[in-house]
Every structure is written in C-alpha cells, then in structure tokens.
>>> print(open('run13.cif').read())   # mmCIF, C-alpha atoms
data_my_file
#
loop_
_atom_site.label_atom_id
_atom_site.label_comp_id
_atom_site.auth_asym_id
_atom_site.auth_seq_id
_atom_site.Cartn_x
_atom_site.Cartn_y
_atom_site.Cartn_z
CA GLY A 1144 0.00 0.00 0.00
CA ALA A 1145 0.92 3.61 -0.36
CA GLY A 1146 0.88 4.49 3.32
CA VAL A 1147 0.76 3.10 6.82
CA SER A 1148 -2.40 1.07 7.30
CA GLN A 1149 -4.01 0.46 10.68
CA THR A 1150 -6.87 -1.91 11.40
CA PRO A 1151 -9.48 -1.75 12.66
CA SER A 1152 -10.19 1.96 12.32
CA ASN A 1153 -12.55 1.75 15.28
CA LYS A 1154 -12.79 -0.77 18.10
CA VAL A 1155 -15.26 -0.85 20.97
CA THR A 1156 -14.57 -3.34 23.73
CA GLU A 1157 -15.80 -4.06 27.21
CA LYS A 1158 -13.71 -3.36 30.27
CA GLY A 1159 -11.52 -6.33 31.11
CA LYS A 1160 -11.37 -7.71 27.57
CA TYR A 1161 -8.27 -8.31 25.46
CA VAL A 1162 -7.70 -6.37 22.22
CA GLU A 1163 -5.23 -6.47 19.35
CA LEU A 1164 -4.50 -3.53 17.08
CA ARG A 1165 -2.69 -4.09 13.79
CA CYS A 1166 -0.25 -1.89 11.88
CA ASP A 1167 0.96 -2.48 8.31
CA PRO A 1168 3.94 -0.18 7.71
CA ILE A 1169 5.11 1.18 4.39
CA SER A 1170 6.84 -1.60 2.48
CA GLY A 1171 10.55 -1.71 3.18
CA HIS A 1172 10.44 0.52 6.25
CA THR A 1173 12.58 -0.98 9.00
CA ALA A 1174 11.53 1.31 11.84
CA LEU A 1175 8.04 1.21 13.36
CA TYR A 1176 6.56 3.29 16.16
CA TRP A 1177 3.42 3.12 18.29
CA TYR A 1178 1.90 6.20 19.90
CA ARG A 1179 -1.42 6.84 21.59
CA GLN A 1180 -3.41 10.05 21.66
CA SER A 1181 -5.99 10.76 24.30
CA LEU A 1182 -8.70 13.33 23.73
CA GLY A 1183 -7.31 16.87 23.77
CA GLN A 1184 -3.72 15.71 24.13
CA GLY A 1185 -0.77 15.26 21.84
CA PRO A 1186 0.42 11.77 20.90
CA GLU A 1187 2.32 9.88 23.61
CA PHE A 1188 5.18 7.53 22.69
CA LEU A 1189 4.70 3.85 23.47
CA ILE A 1190 7.30 1.70 21.68
CA TYR A 1191 9.79 1.71 18.80
CA PHE A 1192 10.87 -1.29 16.73
CA GLN A 1193 13.94 -1.52 14.57
CA GLY A 1194 13.43 -4.64 12.51
CA THR A 1195 11.96 -7.39 14.67
CA GLY A 1196 13.23 -6.14 18.01
CA ALA A 1197 11.88 -3.50 20.35
CA ALA A 1198 14.66 -0.91 20.41
CA ASP A 1199 12.85 1.31 22.92
CA ASP A 1200 9.79 0.24 24.92
CA SER A 1201 10.13 2.90 27.60
CA GLY A 1202 6.73 4.40 26.82
CA LEU A 1203 4.61 1.32 27.52
CA PRO A 1204 2.53 2.36 30.55
CA ASN A 1205 2.37 -1.04 32.30
CA ASP A 1206 2.59 -4.77 31.70
CA ARG A 1207 -0.91 -4.93 30.23
CA PHE A 1208 0.52 -3.46 27.05
CA PHE A 1209 2.66 -5.54 24.73
CA ALA A 1210 3.68 -5.21 21.09
CA VAL A 1211 5.28 -7.61 18.62
CA ARG A 1212 6.74 -7.44 15.14
CA PRO A 1213 7.77 -11.04 14.46
CA GLU A 1214 8.85 -10.72 10.82
CA GLY A 1215 10.00 -7.12 10.84
CA SER A 1216 6.98 -5.84 8.96
CA VAL A 1217 3.45 -5.99 10.42
CA SER A 1218 3.16 -5.12 14.11
CA THR A 1219 0.44 -5.89 16.61
CA LEU A 1220 -0.20 -3.91 19.78
CA LYS A 1221 -1.86 -6.08 22.42
CA ILE A 1222 -3.71 -4.77 25.45
CA GLN A 1223 -4.82 -7.14 28.19
CA ARG A 1224 -7.55 -6.52 30.77
CA THR A 1225 -8.55 -3.26 29.14
CA GLU A 1226 -9.54 -0.32 31.33
CA ARG A 1227 -11.66 2.72 30.49
CA GLY A 1228 -8.52 4.85 30.72
CA ASP A 1229 -7.09 2.94 27.76
CA SER A 1230 -9.62 4.66 25.49
CA ALA A 1231 -7.63 6.68 22.96
CA VAL A 1232 -6.54 6.80 19.34
CA TYR A 1233 -3.59 4.45 18.82
CA LEU A 1234 -1.23 5.68 16.11
CA CYS A 1235 1.37 3.73 14.20
CA ALA A 1236 4.20 5.23 12.17
CA SER A 1237 7.05 3.83 10.10
CA SER A 1238 10.27 5.17 8.66
CA ALA A 1239 12.97 3.94 6.32
CA GLY A 1240 15.69 4.04 8.96
CA PRO A 1241 16.32 4.58 12.64
CA SER A 1242 17.39 8.19 12.58
CA ASN A 1243 17.22 11.34 10.53
CA THR A 1244 14.45 9.87 8.42
CA GLU A 1245 10.87 11.07 8.23
CA ALA A 1246 8.24 8.99 9.97
CA PHE A 1247 4.90 8.48 8.22
CA PHE A 1248 1.85 8.07 10.43
CA GLY A 1249 -1.28 6.03 9.85
CA GLN A 1250 -4.74 7.39 10.61
CA GLY A 1251 -4.97 5.45 13.81
CA THR A 1252 -7.29 3.04 15.56
CA ARG A 1253 -9.86 4.62 17.85
CA LEU A 1254 -10.24 2.33 20.87
CA THR A 1255 -13.21 2.81 23.17
CA VAL A 1256 -13.45 0.78 26.35
CA VAL A 1257 -16.96 0.72 27.82
CA GLY B 212 11.14 14.66 32.09
CA ASP B 213 10.95 16.30 28.71
CA SER B 214 7.96 18.49 27.93
CA VAL B 215 6.58 20.72 25.17
CA THR B 216 4.26 23.67 25.70
CA GLN B 217 2.42 25.28 22.82
CA MET B 218 -0.23 27.93 22.63
CA GLU B 219 -3.76 26.77 23.14
CA GLY B 220 -6.24 27.07 20.33
CA PRO B 221 -8.25 27.47 18.38
CA VAL B 222 -6.40 30.20 16.56
CA THR B 223 -8.58 31.93 13.97
CA LEU B 224 -7.04 34.13 11.28
CA SER B 225 -8.09 35.66 8.01
CA GLU B 226 -6.52 34.51 4.76
CA GLU B 227 -3.16 36.20 4.03
CA ALA B 228 -2.58 37.05 7.70
CA PHE B 229 0.77 36.45 9.41
CA LEU B 230 0.89 33.35 11.61
CA THR B 231 2.89 32.62 14.73
CA ILE B 232 2.30 29.54 16.89
CA ASN B 233 4.48 29.61 19.98
CA CYS B 234 6.29 26.51 21.21
CA THR B 235 8.68 26.19 24.15
CA TYR B 236 10.30 23.07 25.48
CA THR B 237 12.05 21.57 28.48
CA ALA B 238 14.69 18.94 27.81
CA THR B 239 18.16 17.89 28.85
CA GLY B 240 20.95 17.73 26.32
CA TYR B 241 20.41 18.58 22.70
CA PRO B 242 16.98 17.50 21.49
CA SER B 243 15.75 17.52 17.91
CA LEU B 244 12.66 19.68 17.35
CA PHE B 245 9.72 19.15 15.03
CA TRP B 246 6.45 20.56 13.84
CA TYR B 247 3.83 18.02 12.73
CA VAL B 248 0.52 18.88 11.06
CA GLN B 249 -2.74 16.97 10.95
CA TYR B 250 -5.15 18.01 8.21
CA PRO B 251 -8.83 17.06 8.61
CA GLY B 252 -9.33 13.35 8.02
CA GLU B 253 -5.62 12.64 7.53
CA GLY B 254 -2.75 11.24 9.59
CA LEU B 255 0.00 13.25 11.21
CA GLN B 256 2.57 14.58 8.74
CA LEU B 257 6.01 15.99 9.39
CA LEU B 258 5.99 19.68 8.47
CA LEU B 259 9.56 20.66 9.36
CA LYS B 260 12.36 19.88 11.76
CA ALA B 261 15.63 21.22 13.17
CA THR B 262 18.28 19.06 14.77
CA LYS B 263 20.67 21.59 16.33
CA ALA B 264 20.68 25.06 17.79
CA ASP B 265 20.17 27.95 15.33
CA ASP B 266 19.00 25.59 12.59
CA LYS B 267 15.96 26.79 10.67
CA GLY B 268 13.47 24.28 9.38
CA SER B 269 11.22 25.30 6.50
CA ASN B 270 8.54 23.76 4.31
CA LYS B 271 5.44 24.94 2.43
CA GLY B 272 6.13 28.56 3.45
CA PHE B 273 6.35 27.67 7.14
CA GLU B 274 9.53 28.32 9.14
CA ALA B 275 10.78 27.66 12.65
CA THR B 276 14.19 28.38 14.21
CA TYR B 277 15.72 26.27 16.99
CA ARG B 278 16.53 28.77 19.75
CA LYS B 279 18.43 27.08 22.55
CA GLU B 280 18.83 30.27 24.59
CA THR B 281 15.06 30.69 24.86
CA THR B 282 14.22 26.96 24.50
CA SER B 283 11.76 27.84 21.75
CA PHE B 284 10.75 26.64 18.29
CA HIS B 285 8.01 29.03 17.18
CA LEU B 286 6.20 28.28 13.91
CA GLU B 287 5.69 31.19 11.48
CA LYS B 288 4.17 31.76 8.07
CA GLY B 289 3.99 35.08 6.30
CA SER B 290 0.65 34.64 4.53
CA VAL B 291 -1.72 31.84 5.49
CA GLN B 292 -4.23 30.17 3.21
CA VAL B 293 -7.52 28.44 3.89
CA SER B 294 -5.78 25.16 3.07
CA ASP B 295 -3.48 25.66 6.09
CA SER B 296 -6.40 24.99 8.42
CA ALA B 297 -5.29 22.01 10.52
CA VAL B 298 -3.99 20.99 13.93
CA TYR B 299 -0.30 21.74 14.47
CA PHE B 300 1.85 19.83 16.97
CA CYS B 301 5.25 20.87 18.27
CA ALA B 302 7.42 17.92 19.32
CA LEU B 303 10.91 16.94 20.43
CA THR B 304 13.01 13.84 20.69
CA PRO B 305 16.06 13.57 22.92
CA TYR B 306 18.01 11.87 20.16
CA SER B 307 20.10 13.63 17.58
CA GLY B 308 19.45 12.95 13.94
CA GLY B 309 15.78 13.79 13.87
CA GLY B 310 14.11 10.38 13.85
CA ALA B 311 10.72 9.64 15.39
CA ASP B 312 11.86 7.57 18.37
CA GLY B 313 10.54 8.77 21.69
CA LEU B 314 8.83 11.93 20.48
CA THR B 315 7.26 14.15 23.14
CA PHE B 316 4.38 16.17 21.68
CA GLY B 317 2.62 19.32 22.76
CA LYS B 318 -1.16 19.30 23.03
CA GLY B 319 -1.67 20.73 19.56
CA THR B 320 -2.98 24.04 18.23
CA HIS B 321 -6.08 24.07 16.06
CA LEU B 322 -5.64 26.68 13.31
CA ILE B 323 -8.68 27.97 11.43
CA ILE B 324 -8.18 30.21 8.41
CA GLN B 325 -11.22 32.12 7.21
CA PRO B 326 -11.52 33.31 3.59
#
>>> encode(input="run13.cif", output="structure tokens")
Amino acid sequence: GAGVSQTPSNKVTEKGKYVELRCDPISGHTALYWYRQSLGQGPEFLIYFQGTGAADDSGLPNDRFFAVRPEGSVSTLKIQRTERGDSAVYLCASSAGPSNTEAFFGQGTRLTVV
Amino acid sequence: GDSVTQMEGPVTLSEEAFLTINCTYTATGYPSLFWYVQYPGEGLQLLLKATKADDKGSNKGFEATYRKETTSFHLEKGSVQVSDSAVYFCALTPYSGGGADGLTFGKGTHLIIQP
C-alpha cells in the first residue's frame, strides 16, 4: 500500500477484555513506532521497533501493554484486561531508517473501552 | 522529564494574515525539534524539523528556528491560506538525527483560516 495502514479503524470493547490492534507499515520501512493520543492531548510515545526487536519500549505504561513485530513488517499492539482509561486513538508510524528519516503516520485506531 | 508547551487554540485568522504559533520546550541535552501537522481526516505529517541550535526548518512557506537560549521553536508563516487549516503539533526527541523515536508532543494548536 501507499501508506501506513491500521486496522481496525474503530474498536469498541468491554472493560476487562483483550484487544489487538494491527499496523501495516510502508513496504521496506525498517523502523516502526506506536503512539497513543488521548482526547485533547498530543500523541504519547509507546514503543519503537527496529526490525523485529523492540529498540525502545520505555513508553509502555504497564505490563498490560505488549507489542510484537515477528517478521519485521506488520506489528500488533496487544492490550490485556482493558480499562476505560485505555480509550484513545492508537497511532502507528514507520520510517525507512532509525534516525534522521521522516516517519509516516497512519490514521490510527480509535479504541473505546466501555 | 521532557515536555513541550504550545499555545492553546483554536487560533482563527483571516486569509493572508501572518501566523505565529508559539512553542517552548524543556529537555536535557540537545533535542531535535519538530512541527507536525494533521489536516482534517488525515494522519500526522512531518511539516519541518531542526536538529541543532540555530538551525531553521522550513517547508510549504512555514519556518521555525531552533533557539536554545530561549528553548523555543516558534512556527511562522507570512501569509496563510484556507488550506493551512489544521492541527499543528510541536514535538521533540532527545536523540540527535531527527528520527521519530521517543517523540514528546505538545497538546496541539487548532488553526482555522477564514476566507
């Protein structure tokens, strides 16, 4: 595809459930980033992958959040035991290299926990 | 920790007016600074960046200069157009080089340009 694709675009889940959010980066991009944006706030960094490995996971808020990128392309953000405070837009971005390269963002997945 | 403060919106201007959106930051070391823009219905896009003090980033008529002495990165444009209506985010990363790892964003400024 031409850009970063995120699915689903919207997800409503009940408190306590498990959710998976998918990100398809631009083909050939080795770096992948997850951010989340709460209402009225700027995006907040969660995790950065270079290839298959998490190069920086310092932004993950707690152990309910986990992300994988097993083949160095598609990534899945996993949230266990969802809480209402997890409601936000989850953004994915990718770039061609780890530094000094522009990151391209997807349109996000809007997660609502009821 | 690192933080970014930008002027609250919405900011409403007439077409062809001069634009300034203020941004100040708190960070240790030598961060890289960015402006991102989000047009209605689209994803975040990098507008411009500066990776060291006194650098000026520019794109699409927008400019911002990295001022270490005032810890600022104000966004300016001499003559705005209706198509500039969007939400603008100031951001920094503690890493040199200007990549998107560990970006800290401001809350965003909603800009509305009236014809």
>>> closest_atom_pairs(input="run13.cif", of="stretch 1161-1189 of chain A", to="stretch 1205-1222 of chain A", cutoff="12 Å", atoms="all atoms listed in the file", output="CSV")
residue,atom,partner,partner_atom,distance
A:Tyr1161,CA,A:Ile1222,CA,5.8
A:Val1162,CA,A:Ile1222,CA,5.4
A:Glu1163,CA,A:Lys1221,CA,4.6
A:Leu1164,CA,A:Leu1220,CA,5.1
A:Arg1165,CA,A:Thr1219,CA,4.6
A:Cys1166,CA,A:Ser1218,CA,5.2
A:Asp1167,CA,A:Val1217,CA,4.8
A:Pro1168,CA,A:Val1217,CA,6.4
A:Ile1169,CA,A:Ser1216,CA,8.6
A:Ser1170,CA,A:Ser1216,CA,7.7
A:Gly1171,CA,A:Ser1216,CA,8.0
A:His1172,CA,A:Ser1216,CA,7.7
A:Thr1173,CA,A:Gly1215,CA,6.9
A:Ala1174,CA,A:Gly1215,CA,8.6
A:Leu1175,CA,A:Ser1218,CA,8.0
A:Tyr1176,CA,A:Ser1218,CA,9.3
A:Trp1177,CA,A:Leu1220,CA,8.0
A:Tyr1178,CA,A:Leu1220,CA,10.3
A:Arg1179,CA,A:Leu1220,CA,11.0
A:Leu1189,CA,A:Phe1208,CA,9.2
>>> resolve_selection(input="run13.cif", expression="the PyMOL selection byres ((chain B) within 12 of (chain A))", output="JSON, numbers by chain")
{"B": [213, 214, 215, 216, 217, 219, 220, 221, 243, 244, 245, 246, 247, 248, 249, 250, 251, 252, 253, 254, 255, 256, 257, 258, 259, 260, 261, 262, 298, 299, 300, 301, 302, 303, 304, 305, 306, 307, 308, 309, 310, 311, 312, 313, 314, 315, 316, 317, 318, 319, 320, 321]}
>>> atom_distance(input="run13.cif", atom1="atom CA of A:Arg1224", atom2="atom CA of A:Pro1204")
13.4 Å
>>> resolve_selection(input="run13.cif", expression="the PyMOL selection byres ((chain A and resi 1228) around 10)", output="MDAnalysis selection string")
chainID A and resid 1158 1181 1225:1227 1229:1231 1255:1257
>>> atom_distance(input="run13.cif", atom1="atom CA of B:Leu322", atom2="atom CA of A:Arg1253")
22.9 Å
>>> atom_distance(input="run13.cif", atom1="atom CA of B:Thr282", atom2="atom CA of B:Asp266")
12.9 Å
>>> resolve_selection(input="run13.cif", expression="the PyMOL selection byres ((chain B and resi 264) around 6)", output="list of chain:residue names")
B:Lys263, B:Asp265, B:Asp266, B:Tyr277, B:Arg278, B:Lys279
>>> axis_aligned_box(input="run13.cif", around="stretch 1251-1256 of chain A", padding_each_side="8 Å", output="lines of an AutoDock Vina configuration file")
center_x = -9.2
center_y = 3.1
center_z = 20.1
size_x = 24.5
size_y = 20.7
size_z = 28.5
